[in-house]
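Worksheet: the structure to be examined is printed underneath.
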Amino acid sequence: MQAQEGKPVFVTAKVYSLQAGNGGEKECAVVNANVTDIAIRLIKSESEAAETKEKFKTLSEEHGLLKKNIASFIRKKEDQ
């Protein structure tokens, strides 16, 4: 949906089937709930999670290189 200002609005919509008062006709009711704040927080959280995953990957690679360098340094000291 869109607000009057043109900004997007995230909503959940539920449709309910209703029996009319005379018993013969059917009607439906649509109930909308504005979930814009929740949707925006979810989008931000997903973005932050992706950034954190990338940082973790980089740090893991650097940690692996550091372990190799330390192991090489220790082996050189033992050989002397």
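Order determines the names: the first chain of the structure tokens is A, the second B, and so forth; residues in each chain are numbered 1 upward, and ligands are numbered 1 upward as they are shown.
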Next item on the list: Check range 20-80 of chain A with DSSP on the backbone and list each residue it calls strand (DSSP E or B), as a ChimeraX atom specification.
Entry: /A:26-34
Go ahead and write the selection's residues with C-alpha atoms as a PDB file, in the first residue's frame.
ATOM      1  CA  LYS A  26     -22.318 -13.828   1.960  1.00  0.00           C
ATOM      2  CA  GLU A  27     -20.086 -10.914   2.679  1.00  0.00           C
ATOM      3  CA  CYS A  28     -16.409 -10.516   3.361  1.00  0.00           C
ATOM      4  CA  ALA A  29     -14.506  -8.279   5.687  1.00  0.00           C
ATOM      5  CA  VAL A  30     -10.920  -7.227   5.094  1.00  0.00           C
ATOM      6  CA  VAL A  31      -8.807  -6.256   8.103  1.00  0.00           C
ATOM      7  CA  ASN A  32      -5.489  -4.504   7.469  1.00  0.00           C
ATOM      8  CA  ALA A  33      -2.755  -4.076  10.061  1.00  0.00           C
ATOM      9  CA  ASN A  34       0.096  -1.638   9.540  1.00  0.00           C
TER      10      ASN A  34
END
Residue list (helix (DSSP H, G or I), DSSP) for chain A, as a PDB file with C-alpha atoms, in the first residue's frame:
ATOM      1  CA  THR A  36       5.677  -0.850   8.499  1.00  0.00           C
ATOM      2  CA  ASP A  37       7.875  -0.417  11.598  1.00  0.00           C
ATOM      3  CA  ILE A  38       8.379  -4.164  11.914  1.00  0.00           C
ATOM      4  CA  ALA A  39       9.136  -4.538   8.200  1.00  0.00           C
ATOM      5  CA  ILE A  40      11.691  -1.719   8.268  1.00  0.00           C
ATOM      6  CA  ARG A  41      13.420  -3.208  11.340  1.00  0.00           C
ATOM      7  CA  LEU A  42      13.502  -6.610   9.609  1.00  0.00           C
ATOM      8  CA  ILE A  43      15.089  -5.131   6.475  1.00  0.00           C
ATOM      9  CA  LYS A  44      17.732  -3.338   8.596  1.00  0.00           C
ATOM     10  CA  SER A  45      18.408  -6.501  10.602  1.00  0.00           C
ATOM     11  CA  GLU A  46      18.891  -8.551   7.438  1.00  0.00           C
ATOM     12  CA  SER A  47      21.319  -5.939   6.112  1.00  0.00           C
ATOM     13  CA  GLU A  48      23.267  -5.898   9.387  1.00  0.00           C
ATOM     14  CA  ALA A  49      23.346  -9.705   9.432  1.00  0.00           C
ATOM     15  CA  ALA A  50      24.823  -9.781   5.922  1.00  0.00           C
ATOM     16  CA  GLU A  51      27.483  -7.238   6.902  1.00  0.00           C
ATOM     17  CA  THR A  52      28.324  -9.178  10.065  1.00  0.00           C
ATOM     18  CA  LYS A  53      28.614 -12.408   8.100  1.00  0.00           C
ATOM     19  CA  GLU A  54      31.053 -10.757   5.692  1.00  0.00           C
ATOM     20  CA  LYS A  55      33.127  -9.314   8.555  1.00  0.00           C
ATOM     21  CA  PHE A  56      33.202 -12.727  10.248  1.00  0.00           C
ATOM     22  CA  LYS A  57      34.405 -14.347   7.024  1.00  0.00           C
ATOM     23  CA  THR A  58      37.194 -11.778   6.668  1.00  0.00           C
ATOM     24  CA  LEU A  59      38.266 -12.154  10.298  1.00  0.00           C
ATOM     25  CA  SER A  60      38.233 -15.949   9.992  1.00  0.00           C
ATOM     26  CA  GLU A  61      40.513 -15.765   6.958  1.00  0.00           C
ATOM     27  CA  GLU A  62      42.875 -13.384   8.772  1.00  0.00           C
ATOM     28  CA  HIS A  63      42.892 -15.672  11.819  1.00  0.00           C
ATOM     29  CA  GLY A  64      43.824 -18.632   9.617  1.00  0.00           C
ATOM     30  CA  LEU A  65      46.724 -16.709   8.082  1.00  0.00           C
ATOM     31  CA  LEU A  66      47.925 -15.602  11.506  1.00  0.00           C
ATOM     32  CA  LYS A  67      47.895 -19.199  12.779  1.00  0.00           C
ATOM     33  CA  LYS A  68      49.952 -20.300   9.765  1.00  0.00           C
ATOM     34  CA  ASN A  69      52.462 -17.489  10.283  1.00  0.00           C
ATOM     35  CA  ILE A  70      52.858 -18.314  13.978  1.00  0.00           C
ATOM     36  CA  ALA A  71      53.292 -22.014  13.199  1.00  0.00           C
ATOM     37  CA  SER A  72      55.949 -21.193  10.589  1.00  0.00           C
ATOM     38  CA  PHE A  73      57.759 -18.931  13.036  1.00  0.00           C
ATOM     39  CA  ILE A  74      57.744 -21.627  15.752  1.00  0.00           C
ATOM     40  CA  ARG A  75      59.059 -24.272  13.306  1.00  0.00           C
ATOM     41  CA  LYS A  76      61.924 -21.974  12.302  1.00  0.00           C
ATOM     42  CA  LYS A  77      62.853 -21.441  15.956  1.00  0.00           C
ATOM     43  CA  GLU A  78      62.792 -25.210  16.601  1.00  0.00           C
ATOM     44  CA  ASP A  79      65.019 -25.923  13.590  1.00  0.00           C
TER      45      ASP A  79
END
